[in-house]
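Visitor: The structure file upload-v2.csv (CSV, C-alpha atoms and all ligand atoms) is provided below.
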```csv
chain,number,residue,atom,x,y,z
Y,1,VAL,CA,-166.8,8.2,-88.6
Y,2,SER,CA,-167.5,4.6,-87.8
Y,3,ALA,CA,-167.8,1.5,-89.9
Y,4,THR,CA,-171.3,0.8,-88.8
Y,5,ALA,CA,-174.7,2.5,-89.1
Y,6,CYS,CA,-175.5,5.1,-86.5
Y,7,ASP,CA,-178.5,5.0,-84.2
Y,8,ALA,CA,-180.4,7.8,-86.0
Y,9,CYS,CA,-180.1,6.0,-89.4
Y,10,ARG,CA,-181.1,2.7,-87.9
Y,11,ALA,CA,-184.2,4.4,-86.4
Y,12,ARG,CA,-185.0,5.9,-89.7
Y,13,SER,CA,-184.9,2.5,-91.5
Y,14,ALA,CA,-187.0,1.0,-88.7
Y,15,LEU,CA,-189.6,3.7,-89.2
Y,16,VAL,CA,-189.6,3.0,-93.0
Y,17,ALA,CA,-190.0,-0.7,-92.2
Y,18,ALA,CA,-192.9,-0.1,-89.8
Y,19,LEU,CA,-194.5,2.1,-92.5
Y,20,SER,CA,-194.0,-0.5,-95.2
Y,21,PRO,CA,-197.6,-1.6,-95.5
Y,22,ARG,CA,-198.7,2.0,-95.9
Y,23,LEU,CA,-196.0,2.7,-98.4
Y,24,ASP,CA,-197.5,-0.2,-100.4
Y,25,MET,CA,-200.8,1.5,-100.5
Y,26,ALA,CA,-199.4,5.0,-101.3
Y,27,ALA,CA,-196.6,4.2,-103.7
Y,28,ARG,CA,-197.4,1.9,-106.7
Y,29,ARG,CA,-194.5,3.3,-108.7
Y,30,LEU,CA,-190.9,3.8,-107.9
Y,31,ASP,CA,-191.0,7.5,-108.4
Y,32,ASP,CA,-193.8,7.8,-105.8
Y,33,ALA,CA,-191.9,5.6,-103.3
Y,34,SER,CA,-188.7,7.6,-103.9
Y,35,ALA,CA,-190.6,10.9,-103.4
Y,36,LEU,CA,-191.9,9.6,-100.1
Y,37,LEU,CA,-188.6,8.2,-99.0
Y,38,ALA,CA,-186.9,11.5,-99.7
Y,39,ARG,CA,-189.1,13.1,-97.0
Y,40,ASP,CA,-187.9,13.5,-93.4
Y,41,ASP,CA,-189.6,11.4,-90.6
Y,42,GLU,CA,-192.2,14.1,-89.8
Y,43,ALA,CA,-193.2,14.7,-93.4
Y,44,LEU,CA,-193.3,11.0,-94.1
Y,45,LEU,CA,-195.6,10.4,-91.2
Y,46,ASP,CA,-197.8,13.3,-92.3
Y,47,ALA,CA,-198.2,11.7,-95.7
Y,48,LEU,CA,-198.7,8.1,-94.7
Y,49,VAL,CA,-200.3,8.4,-91.2
Y,50,PRO,CA,-202.3,11.6,-91.2
Y,51,GLU,CA,-204.3,10.6,-88.1
Y,52,PRO,CA,-202.0,11.3,-85.0
Y,53,SER,CA,-203.7,8.5,-83.0
Y,54,ASP,CA,-202.8,6.0,-85.7
Y,55,ARG,CA,-199.1,6.8,-85.2
Y,56,VAL,CA,-198.9,5.0,-81.8
Y,57,PRO,CA,-198.8,1.5,-83.2
Y,58,VAL,CA,-196.5,2.5,-86.0
Y,59,MET,CA,-194.0,4.0,-83.5
Y,60,ARG,CA,-194.3,1.0,-81.3
Y,61,ARG,CA,-193.5,-1.3,-84.2
Y,62,ALA,CA,-190.6,0.8,-85.2
Y,63,ALA,CA,-189.2,0.7,-81.7
Y,64,ALA,CA,-189.5,-3.1,-81.7
Y,65,ILE,CA,-187.6,-3.3,-85.0
Y,66,ILE,CA,-184.8,-1.1,-83.6
Y,67,THR,CA,-184.5,-3.3,-80.5
Y,68,SER,CA,-184.4,-6.6,-82.5
Y,69,THR,CA,-181.9,-5.3,-85.0
Y,70,THR,CA,-179.4,-3.2,-83.0
Y,71,SER,CA,-176.6,-5.8,-83.6
Y,72,ALA,CA,-177.4,-6.4,-87.3
Y,73,ALA,CA,-174.4,-5.6,-89.5
Y,74,ALA,CA,-175.2,-2.3,-91.4
Y,75,VAL,CA,-173.7,0.9,-92.8
Y,76,CYS,CA,-175.3,4.3,-93.1
Y,77,PRO,CA,-174.3,7.4,-95.0
Y,78,HIS,CA,-172.3,8.6,-92.0
Y,79,ALA,CA,-170.2,5.4,-92.0
Y,80,ASP,CA,-166.9,4.8,-93.8
Y,81,GLY,CA,-168.2,1.9,-95.7
Y,82,TYR,CA,-171.4,3.3,-97.2
Y,83,PRO,CA,-171.3,2.7,-101.0
Y,84,PRO,CA,-170.4,6.1,-102.5
Y,85,ARG,CA,-172.5,5.5,-105.7
Y,86,LEU,CA,-175.7,5.1,-103.6
Y,87,ARG,CA,-175.4,8.8,-102.6
Y,88,HIS,CA,-176.4,9.8,-106.1
Y,89,LEU,CA,-179.9,8.3,-105.8
Y,90,ASP,CA,-182.8,10.6,-105.2
Y,91,ALA,CA,-183.5,8.9,-101.9
Y,92,PRO,CA,-180.4,6.9,-100.8
Y,93,PRO,CA,-181.3,4.2,-98.2
Y,94,ALA,CA,-180.7,5.5,-94.7
Y,95,THR,CA,-179.2,2.1,-93.8
Y,96,VAL,CA,-177.9,-0.8,-95.8
Y,97,TYR,CA,-178.1,-4.0,-93.9
Y,98,LEU,CA,-175.5,-6.6,-94.6
Y,99,HIS,CA,-175.3,-10.4,-94.5
Y,100,GLY,CA,-172.3,-12.5,-95.5
Y,101,HIS,CA,-168.6,-13.0,-95.3
Y,102,GLY,CA,-167.6,-10.8,-98.2
Y,103,SER,CA,-166.1,-7.3,-97.7
Y,104,LEU,CA,-168.4,-4.6,-98.8
Y,105,ALA,CA,-165.5,-2.3,-99.3
Y,106,ALA,CA,-163.7,-4.8,-101.5
Y,107,LEU,CA,-166.8,-5.6,-103.5
Y,108,ILE,CA,-167.7,-2.0,-104.3
Y,109,GLU,CA,-164.1,-0.8,-104.9
Y,110,ALA,CA,-163.9,-3.3,-107.8
Y,111,PRO,CA,-165.8,-2.3,-111.0
Y,112,CYS,CA,-169.5,-3.2,-110.4
Y,113,VAL,CA,-171.7,-4.4,-113.1
Y,114,ALA,CA,-175.4,-5.2,-112.6
Y,115,ILE,CA,-176.8,-8.2,-114.6
Y,116,VAL,CA,-180.6,-8.3,-114.5
Y,117,GLY,CA,-183.4,-9.7,-116.5
Y,118,ALA,CA,-186.4,-11.9,-116.8
Y,119,ARG,CA,-187.5,-14.3,-114.1
Y,120,ARG,CA,-188.9,-16.7,-116.8
Y,121,ALA,CA,-185.8,-16.5,-119.0
Y,122,SER,CA,-185.2,-18.9,-121.8
Y,123,GLY,CA,-182.4,-21.5,-121.5
Y,124,TYR,CA,-180.4,-19.3,-123.9
Y,125,GLY,CA,-180.9,-16.3,-121.7
Y,126,LEU,CA,-179.8,-18.1,-118.6
Y,127,ASP,CA,-176.8,-19.4,-120.5
Y,128,VAL,CA,-175.9,-15.8,-121.7
Y,129,ALA,CA,-176.4,-14.4,-118.1
Y,130,THR,CA,-174.1,-17.1,-116.6
Y,131,THR,CA,-171.4,-16.7,-119.2
Y,132,LEU,CA,-171.4,-12.9,-119.1
Y,133,ALA,CA,-171.2,-13.0,-115.3
Y,134,ARG,CA,-168.5,-15.7,-115.3
Y,135,GLY,CA,-166.4,-13.7,-117.7
Y,136,LEU,CA,-166.8,-10.4,-115.8
Y,137,ALA,CA,-166.2,-11.9,-112.4
Y,138,ALA,CA,-163.1,-13.7,-113.6
Y,139,ALA,CA,-161.8,-10.3,-114.8
Y,140,GLY,CA,-162.3,-8.9,-111.3
Y,141,VAL,CA,-165.7,-7.3,-111.7
Y,142,THR,CA,-168.3,-7.5,-108.9
Y,143,VAL,CA,-171.5,-8.9,-110.3
Y,144,VAL,CA,-174.6,-7.1,-108.8
Y,145,SER,CA,-178.1,-8.6,-109.1
Y,146,GLY,CA,-181.3,-9.2,-107.2
Y,147,MET,CA,-181.2,-13.0,-106.6
Y,148,ALA,CA,-184.6,-13.4,-108.3
Y,149,LEU,CA,-185.3,-16.6,-110.3
Y,150,GLY,CA,-184.1,-16.6,-113.9
Y,151,VAL,CA,-181.4,-14.2,-115.1
Y,152,ASP,CA,-180.6,-12.8,-111.7
Y,153,ALA,CA,-179.8,-16.2,-110.2
Y,154,ALA,CA,-177.9,-17.2,-113.3
Y,155,ALA,CA,-175.7,-14.1,-113.0
Y,156,HIS,CA,-174.9,-14.8,-109.3
Y,157,ARG,CA,-174.2,-18.4,-110.3
Y,158,GLY,CA,-171.8,-17.4,-113.1
Y,159,ALA,CA,-169.9,-15.1,-110.7
Y,160,LEU,CA,-169.6,-17.9,-108.1
Y,161,ASP,CA,-168.4,-20.3,-110.9
Y,162,ALA,CA,-165.5,-17.9,-111.5
Y,163,ALA,CA,-164.8,-17.6,-107.8
Y,164,GLY,CA,-165.5,-13.9,-108.3
Y,165,GLY,CA,-167.2,-11.2,-106.2
Y,166,THR,CA,-171.0,-11.0,-106.2
Y,167,LEU,CA,-173.4,-8.7,-104.4
Y,168,ALA,CA,-177.1,-9.6,-104.1
Y,169,VAL,CA,-179.6,-6.9,-103.3
Y,170,LEU,CA,-182.9,-8.0,-101.7
Y,171,ALA,CA,-185.9,-5.9,-101.0
Y,172,ALA,CA,-185.8,-6.7,-97.3
Y,173,ASP,CA,-184.0,-8.8,-94.7
Y,174,PRO,CA,-180.6,-9.9,-96.2
Y,175,GLU,CA,-180.5,-12.9,-93.8
Y,176,ARG,CA,-183.5,-14.6,-95.4
Y,177,ALA,CA,-183.5,-16.1,-98.9
Y,178,SER,CA,-186.1,-14.4,-101.1
Y,179,PRO,CA,-187.7,-16.2,-102.8
Y,180,PRO,CA,-187.3,-19.1,-100.4
Y,181,SER,CA,-186.4,-21.5,-103.2
Y,182,GLN,CA,-183.1,-19.6,-103.6
Y,183,ARG,CA,-181.9,-20.8,-100.2
Y,184,ALA,CA,-178.9,-22.6,-101.6
Y,185,LEU,CA,-177.8,-19.7,-103.8
Y,186,HIS,CA,-178.4,-17.3,-100.9
Y,187,ALA,CA,-176.0,-19.3,-98.7
Y,188,GLU,CA,-173.4,-19.5,-101.4
Y,189,VAL,CA,-173.5,-15.8,-102.1
Y,190,ALA,CA,-173.2,-15.1,-98.4
Y,191,GLN,CA,-170.3,-17.5,-98.1
Y,192,SER,CA,-168.0,-15.5,-100.4
Y,193,GLY,CA,-169.9,-12.4,-101.4
Y,194,LEU,CA,-172.5,-10.3,-99.7
Y,195,VAL,CA,-176.3,-10.0,-99.5
Y,196,VAL,CA,-177.6,-6.5,-98.8
Y,197,ALA,CA,-181.0,-4.9,-98.2
Y,198,GLU,CA,-182.5,-1.5,-97.4
Y,199,LEU,CA,-184.9,-3.0,-94.7
Y,200,PRO,CA,-183.6,-4.9,-91.7
Y,201,PRO,CA,-183.6,-8.5,-90.7
Y,202,GLY,CA,-187.0,-9.8,-89.7
Y,203,VAL,CA,-188.9,-7.5,-92.0
Y,204,ARG,CA,-190.9,-9.1,-94.8
Y,205,PRO,CA,-190.5,-7.6,-98.3
Y,206,ALA,CA,-193.5,-5.5,-99.5
Y,207,ARG,CA,-194.5,-4.8,-103.1
Y,208,TRP,CA,-192.9,-1.3,-103.2
Y,209,GLY,CA,-189.7,-2.9,-102.0
Y,210,PHE,CA,-189.0,-4.6,-105.4
Y,211,PRO,CA,-188.8,-1.6,-107.6
Y,212,ALA,CA,-187.1,0.2,-104.7
Y,213,ARG,CA,-184.6,-2.7,-104.6
Y,214,ASN,CA,-184.0,-2.3,-108.3
Y,215,ARG,CA,-183.0,1.3,-107.8
Y,216,LEU,CA,-180.3,0.1,-105.4
Y,217,ILE,CA,-179.0,-2.4,-108.0
Y,218,ALA,CA,-178.7,0.4,-110.5
Y,219,GLY,CA,-177.2,2.7,-107.8
Y,220,LEU,CA,-174.5,0.3,-106.8
Y,221,ALA,CA,-173.4,-0.5,-110.4
Y,222,GLU,CA,-171.4,1.5,-112.9
Y,223,LEU,CA,-173.0,-0.4,-115.7
Y,224,THR,CA,-176.4,-2.2,-115.8
Y,225,LEU,CA,-176.8,-5.0,-118.3
Y,226,VAL,CA,-180.2,-6.4,-119.2
Y,227,VAL,CA,-180.3,-10.0,-120.5
Y,228,GLU,CA,-183.8,-10.9,-121.8
Y,229,ALA,CA,-186.6,-8.8,-120.7
Y,230,THR,CA,-190.2,-8.5,-121.8
Y,231,GLU,CA,-191.5,-4.9,-122.3
Y,232,ARG,CA,-193.0,-5.0,-118.8
Y,233,SER,CA,-190.0,-6.5,-117.0
Y,234,GLY,CA,-189.0,-5.0,-113.7
Y,235,SER,CA,-185.4,-5.1,-115.0
Y,236,LEU,CA,-186.3,-2.1,-117.2
Y,237,ILE,CA,-186.9,-0.1,-114.0
Y,238,THR,CA,-183.3,-0.9,-113.1
Y,239,ALA,CA,-182.2,0.3,-116.6
Y,240,LYS,CA,-184.3,3.4,-116.3
Y,241,VAL,CA,-182.7,4.4,-112.9
Y,242,ALA,CA,-179.2,3.6,-114.3
Y,243,ARG,CA,-179.9,5.9,-117.2
Y,244,GLU,CA,-181.2,8.7,-115.0
Y,245,LEU,CA,-178.1,8.4,-112.9
Y,246,GLY,CA,-176.0,8.9,-116.1
Y,247,ARG,CA,-174.6,5.4,-115.8
Y,248,ASP,CA,-174.0,3.1,-118.8
Y,249,VAL,CA,-176.8,0.7,-119.8
Y,250,GLY,CA,-176.2,-2.3,-122.0
Y,251,ALA,CA,-178.6,-5.0,-123.3
Y,252,VAL,CA,-178.2,-8.3,-125.1
Y,253,PRO,CA,-179.9,-8.2,-128.5
Y,254,GLY,CA,-182.4,-10.9,-129.4
Y,255,ARG,CA,-184.8,-12.0,-132.0
Y,256,LEU,CA,-187.4,-9.4,-133.0
Y,257,THR,CA,-190.1,-12.0,-132.7
Y,258,SER,CA,-189.2,-13.0,-129.2
Y,259,ALA,CA,-191.2,-11.4,-126.4
Y,260,LEU,CA,-188.3,-12.1,-124.1
Y,261,ALA,CA,-186.1,-9.9,-126.2
Y,262,ALA,CA,-188.5,-7.0,-126.7
Y,263,GLY,CA,-187.3,-5.1,-123.7
Y,264,CYS,CA,-183.6,-5.5,-124.6
Y,265,ASN,CA,-184.1,-4.6,-128.2
Y,266,ALA,CA,-186.1,-1.5,-127.2
Y,267,LEU,CA,-183.3,-0.5,-124.9
Y,268,ILE,CA,-180.7,-0.8,-127.7
Y,269,ARG,CA,-183.0,1.2,-130.1
Y,270,ASP,CA,-183.2,3.9,-127.4
Y,271,GLY,CA,-179.4,4.1,-127.1
Y,272,ALA,CA,-178.3,1.3,-124.8
Y,273,HIS,CA,-175.0,-0.5,-125.7
Y,274,ALA,CA,-175.5,-3.7,-127.6
Y,275,ILE,CA,-173.7,-6.3,-125.5
Y,276,LEU,CA,-172.4,-9.3,-127.4
Y,277,GLY,CA,-170.0,-10.7,-124.8
Y,278,ALA,CA,-168.3,-10.0,-121.5
Y,279,GLN,CA,-165.6,-8.1,-123.4
Y,280,ASP,CA,-168.1,-5.5,-124.5
Y,281,ALA,CA,-169.1,-4.9,-120.8
Y,282,LEU,CA,-165.5,-4.9,-119.7
Y,283,ASP,CA,-164.6,-2.3,-122.3
Y,284,LEU,CA,-167.4,0.0,-120.9
Y,285,VAL,CA,-166.2,-0.2,-117.3
Y,286,CYS,CA,-162.5,-0.7,-117.7
Y,287,GLY,CA,-161.8,1.0,-121.0
Y,288,VAL,CA,-161.4,-0.6,-124.4
Y,289,GLY,CA,-159.0,-3.5,-124.6
Y,290,ALA,CA,-159.0,-4.4,-120.9
Y,291,GLU,CA,-157.9,-8.0,-120.3
Y,292,VAL,CA,-160.6,-10.5,-120.2
Y,293,VAL,CA,-160.4,-14.1,-119.2
Y,294,ALA,CA,-159.5,-16.8,-121.7
Y,295,ASP,CA,-162.8,-18.5,-121.9
Y,296,VAL,CA,-164.6,-15.5,-123.2
Y,297,ARG,CA,-164.1,-14.9,-126.9
Y,298,ARG,CA,-163.1,-11.5,-128.0
Y,299,VAL,CA,-165.7,-9.6,-129.9
Y,300,PRO,CA,-164.5,-8.0,-133.1
Y,301,ALA,CA,-162.7,-4.8,-132.6
Y,302,GLU,CA,-163.8,-3.1,-135.8
Y,303,PRO,CA,-167.0,-1.1,-135.2
Y,304,SER,CA,-168.4,-1.9,-138.6
Y,305,VAL,CA,-167.9,-5.6,-138.0
Y,306,ARG,CA,-169.6,-5.4,-134.6
Y,307,ARG,CA,-172.5,-3.5,-136.1
Y,308,ALA,CA,-172.9,-6.2,-138.7
Y,309,LEU,CA,-172.9,-8.9,-136.0
Y,310,ALA,CA,-175.5,-7.0,-133.9
Y,311,ALA,CA,-177.7,-6.6,-137.0
Y,312,LEU,CA,-177.5,-10.3,-137.7
Y,313,ALA,CA,-178.3,-11.2,-134.1
Y,314,LEU,CA,-181.4,-9.0,-134.2
Y,315,VAL,CA,-182.9,-10.6,-137.4
Y,316,ASP,CA,-181.5,-14.1,-136.8
Y,317,GLY,CA,-179.8,-14.2,-140.2
Y,318,ALA,CA,-179.7,-12.1,-143.3
Y,319,THR,CA,-178.1,-11.9,-146.8
Y,320,VAL,CA,-175.5,-9.3,-147.8
Y,321,ASP,CA,-178.2,-7.6,-149.9
Y,322,GLU,CA,-180.5,-7.4,-146.9
Y,323,LEU,CA,-177.8,-5.9,-144.7
Y,324,VAL,CA,-177.0,-3.3,-147.4
Y,325,ARG,CA,-180.7,-2.4,-147.7
Y,326,GLY,CA,-180.7,-2.1,-143.9
Y,327,GLY,CA,-178.2,0.6,-144.0
Y,328,HIS,CA,-175.2,-1.4,-142.8
Y,329,GLY,CA,-172.8,-0.3,-145.4
Y,330,ASP,CA,-172.1,-1.0,-149.1
Y,331,ALA,CA,-172.0,-4.5,-150.4
Y,332,ARG,CA,-168.2,-4.6,-150.4
Y,333,ALA,CA,-167.9,-3.5,-146.7
Y,334,VAL,CA,-170.7,-5.8,-145.6
Y,335,ALA,CA,-169.2,-8.8,-147.3
Y,336,ALA,CA,-165.8,-8.0,-145.7
Y,337,SER,CA,-167.4,-7.8,-142.3
Y,338,LEU,CA,-169.2,-11.1,-142.8
Y,339,ALA,CA,-166.0,-12.8,-143.9
Y,340,VAL,CA,-164.3,-11.7,-140.7
Y,341,LEU,CA,-167.2,-12.9,-138.6
Y,342,GLU,CA,-167.4,-16.2,-140.4
Y,343,LEU,CA,-163.6,-16.8,-140.0
Y,344,ASP,CA,-163.8,-16.0,-136.3
Y,345,GLY,CA,-166.8,-18.4,-135.8
Y,346,TRP,CA,-169.4,-15.8,-135.0
Y,347,VAL,CA,-171.6,-16.5,-138.0
Y,348,ARG,CA,-172.1,-19.2,-140.5
Y,349,ARG,CA,-173.3,-19.1,-144.1
Y,350,ARG,CA,-176.4,-21.1,-144.9
Y,351,ALA,CA,-177.8,-22.0,-148.3
Y,352,GLY,CA,-179.0,-19.0,-150.2
Y,353,GLY,CA,-176.3,-16.8,-148.9
Y,354,VAL,CA,-178.0,-16.2,-145.6
Y,355,TYR,CA,-175.6,-15.5,-142.7
Y,356,GLU,CA,-176.8,-16.6,-139.4
Y,357,PRO,CA,-175.3,-15.8,-136.0
Y,358,LEU,CA,-173.9,-18.6,-133.9
Y,359,SER,CA,-174.4,-18.2,-130.2
Y,360,PRO,CA,-172.4,-15.1,-129.3
Y,361,LEU,CA,-171.4,-16.6,-126.0
Y,362,ARG,CA,-170.8,-20.3,-126.7
Y,363,HIS,CA,-169.0,-22.2,-124.0
Y,364,PRO,CA,-165.5,-23.1,-125.1
F,1,ZN,ZN,-176.0,7.5,-89.9
```
Kindly present the structure from the file in structure tokens form.

Guide:
Amino acid sequence: VSATACDACRARSALVAALSPRLDMAARRLDDASALLARDDEALLDALVPEPSDRVPVMRRAAAIITSTTSAAAVCPHADGYPPRLRHLDAPPATVYLHGHGSLAALIEAPCVAIVGARRASGYGLDVATTLARGLAAAGVTVVSGMALGVDAAAHRGALDAAGGTLAVLAADPERASPPSQRALHAEVAQSGLVVAELPPGVRPARWGFPARNRLIAGLAELTLVVEATERSGSLITAKVARELGRDVGAVPGRLTSALAAGCNALIRDGAHAILGAQDALDLVCGVGAEVVADVRRVPAEPSVRRALAALALVDGATVDELVRGGHGDARAVAASLAVLELDGWVRRRAGGVYEPLSPLRHP
């Protein structure tokens, strides 16, 4: 067993890379791409290049990719360093190409939490993503994301702020920033963490590669957190794969009237953990009560108090009566929860007895 990818696995990835434009035509959805990627070479060629004469240029391209990437850092399932959690995917990548100074072994041996979400996130969403990532990274968690604009970038940034571990997963070519505007972040992640991709250096990402990349993010992480997502967000693909793998999924609740919160609120409705701070995520991956860094406030330990806070965050404020009508306990219990939350600075009481949530993740 070696610490690098074997020739057979590199050849397989080169073939997939050479077939990338055809995969784009055949596989609009991740399930279709995964079904194709689960086939062996012959069956994959049968599906994508039925005409034998058309295979010559494909094989020529694959051979050229092998030649130009033989020295690229990579691991395959036969190598020591292949991330064990990726083996649970329907179609694990034959090769994971690596770029950066971080140690893959160290990054994946730490608890790994994916933080993903909208590209066009709100300022609040970016703030939450950065603060969550900072708190988790400072507690020794590896923050996994896709280096996209918005939430992904904010998550990597937060991990770097805390001098913590971060792992960026690109659709192709870990050596090239994607999108190109992320060049500075890409360089910083590579400096202390690692950038990884299923397709080798020199290969351009294709459309199928983005949902396929999302499956790797979910595959690498023990817990996937979604911070702001519309109902059509690609980050919901990541959450779906995580759920299918039996991994924990968490989401940051938001206003019912915000399109950017719709995806997260729907995840919570469907059983995802409501994440109100880094401590919640840490509890999920390290067990309740694990030590979190000083600059992240502890969320209330009492479940009924947490539920009251989650309920308030969803509606952006409510009275005791409204919470009672919403099924959050009797008036006495609700009032007691609100008193705790007010005392700890989670909510404040407005005129008319309306309790409104303060930012759950304010900077100290
Ligand atoms: Zn191999």

Visitor: What does the list of residues within 6 Å of ligand ZN 1 (chain F) look like if you count only C-alpha atoms and all ligand atoms, written as a VMD selection string?

Guide: chain Y and resid 5 to 6 8 to 9 76 to 78

Visitor: Quick one: of Y:Ala72, Y:Ala212, Y:Leu107, Y:Val116, who's nearest to Y:Leu89, counting all atoms listed in the file?

Guide: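 Among the listed residues, the smallest separation from Y:Leu89 belongs to Y:Ala212.
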
Visitor: So that I can see what lies close to stretch 59-64 of chain Y, please list as a list in words the residues with an atom at most 8 Å from it, counting only C-alpha atoms and leaving out residues fewer than 2 positions away in the same chain.

Guide: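 My list of contacting residues is Ala11, Ala14, Leu15, Ala17, Ala18, Arg55, Val56, Pro57, Ile66, Thr67 and Ser68 of chain Y.
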
Visitor: Can you pull out every residue within 12 Å of Y:Ala79, counting all atoms listed in the file, but drop anything in the same chain fewer than 5 positions away, and send it as a list in words?

Guide: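 Residues meeting the cut-off are Val1, Ser2, Ala3, Thr4, Ala5, Cys6, Asp7, Cys9, Arg10, Ala74, Pro84, Ala94, Thr95, Val96 and Ala105 of chain Y.
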
Visitor: Next, write the just-selected residues to a file, as a compact mmCIF listing (two decimals), in the frame of the given file, keeping C-alpha atoms as the atom set.

Guide:
```
# COMPACT_ATOMS: atom_id res chain seq x y z
CA VAL Y 1 -166.80 8.20 -88.60
CA SER Y 2 -167.50 4.60 -87.80
CA ALA Y 3 -167.80 1.50 -89.90
CA THR Y 4 -171.30 0.80 -88.80
CA ALA Y 5 -174.70 2.50 -89.10
CA CYS Y 6 -175.50 5.10 -86.50
CA ASP Y 7 -178.50 5.00 -84.20
CA CYS Y 9 -180.10 6.00 -89.40
CA ARG Y 10 -181.10 2.70 -87.90
CA ALA Y 74 -175.20 -2.30 -91.40
CA PRO Y 84 -170.40 6.10 -102.50
CA ALA Y 94 -180.70 5.50 -94.70
CA THR Y 95 -179.20 2.10 -93.80
CA VAL Y 96 -177.90 -0.80 -95.80
CA ALA Y 105 -165.50 -2.30 -99.30
```

Visitor: Using only C-alpha atoms, which of Y:Ala266, Y:Ala121, Y:Ala106, Y:Val227 sits nearest Y:Val141?

Guide: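 The answer is Y:Ala106, which sits nearest to Y:Val141.
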
Visitor: Can you work out which one of Y:Ala261, Y:Ala35, Y:Val288, Y:Ala114 has the shortest atom-to-atom distance to Y:Val249, counting all atoms listed in the file?

Guide: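 Using all atoms listed in the file, the shortest distance to Y:Val249 belongs to Y:Ala114.
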
Visitor: List the spatial neighbours of Y:Ala137 as an MDAnalysis selection string - criterion: any atom at most 10 Å away, only C-alpha atoms, same-chain residues fewer than 4 positions off excluded.

Guide: chainID Y and resid 111:113 131:133 141:143 155:156 158:166 278 292:293

Visitor: Taking C-alpha atoms for each residue, export the selection above as a compact mmCIF listing (two decimals), in the frame of the given file.

Guide:
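What follows is the written file out-v4.txt:
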```
# COMPACT_ATOMS: atom_id res chain seq x y z
CA PRO Y 111 -165.80 -2.30 -111.00
CA CYS Y 112 -169.50 -3.20 -110.40
CA VAL Y 113 -171.70 -4.40 -113.10
CA THR Y 131 -171.40 -16.70 -119.20
CA LEU Y 132 -171.40 -12.90 -119.10
CA ALA Y 133 -171.20 -13.00 -115.30
CA VAL Y 141 -165.70 -7.30 -111.70
CA THR Y 142 -168.30 -7.50 -108.90
CA VAL Y 143 -171.50 -8.90 -110.30
CA ALA Y 155 -175.70 -14.10 -113.00
CA HIS Y 156 -174.90 -14.80 -109.30
CA GLY Y 158 -171.80 -17.40 -113.10
CA ALA Y 159 -169.90 -15.10 -110.70
CA LEU Y 160 -169.60 -17.90 -108.10
CA ASP Y 161 -168.40 -20.30 -110.90
CA ALA Y 162 -165.50 -17.90 -111.50
CA ALA Y 163 -164.80 -17.60 -107.80
CA GLY Y 164 -165.50 -13.90 -108.30
CA GLY Y 165 -167.20 -11.20 -106.20
CA THR Y 166 -171.00 -11.00 -106.20
CA ALA Y 278 -168.30 -10.00 -121.50
CA VAL Y 292 -160.60 -10.50 -120.20
CA VAL Y 293 -160.40 -14.10 -119.20
```

Visitor: For a quick check of understanding, using all atoms listed in the file, which of Y:His99, Y:Arg119, Y:Arg350, Y:Arg12 has the smallest distance to Y:Thr230?

Guide: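 Ranking Y:His99, Y:Arg119, Y:Arg350, Y:Arg12 by distance to Y:Thr230, first place goes to Y:Arg119.
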
Visitor: Using atom CA of Y:Leu223 and atom CA of Y:Asp248 as the two end points, give the distance in Å to one decimal.

Guide: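 If I compute the distance from atom CA of Y:Leu223 to atom CA of Y:Asp248, I get 4.8 Å.
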
Visitor: Do a neighbour search on Y:Glu302 at 10 Å with all atoms listed in the file, toss out local chain neighbours closer than 4 positions, and write the hits as a VMD selection string.

Guide: chain Y and resid 306 to 307 337 340

Visitor: So the first atom is atom CA of Y:Arg28 and the second is atom CA of Y:Arg207; what is the distance between them in Å, to one decimal place?

Guide: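 Distance reported for this atom pair: 8.1 Å.
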
Visitor: Could you check how far atom CA of Y:Val334 sits from atom CA of Y:Ala308, in Å to one decimal?

Guide: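 Going from atom CA of Y:Val334 over to atom CA of Y:Ala308, I get 7.3 Å.
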
Visitor: Using all atoms listed in the file, which residue out of Y:Gly146, Y:Gly329, Y:Gly193, Y:Gly202 lies closest to Y:Val305?

Guide: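 The shortest atom-to-atom distance to Y:Val305 comes from Y:Gly329.
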
Visitor: Counting only C-alpha atoms, which of Y:Leu104, Y:Ala153, Y:Val128, Y:Val252 gets nearest to Y:Asp80?

Guide: Y:Leu104

Visitor: Would you kindly return, as a PyMOL selection string, each protein, DNA or RNA residue with an atom no farther than 8 Å from any atom of Y:Pro211, considering only C-alpha atoms and excluding same-chain residues fewer than 4 positions away?

Guide: chain Y and resi 29-30+207+215+234+237-238

Visitor: Select all residues near (-180.3, 9.3, -112.9) (cut-off 12 Å, inclusive, file coordinates), counting only C-alpha atoms, and output them as number ranges by chain.

Guide: Y: 31, 85-91, 215-216, 218-219, 222, 237-249

Visitor: Using only C-alpha atoms, give me every residue within 10 Å of (-175.4, -18.4, -102.1) in file coordinates, as an MDAnalysis selection string.

Guide: chainID Y and resid 100 147 153 156:157 160 166 168 177 182:195
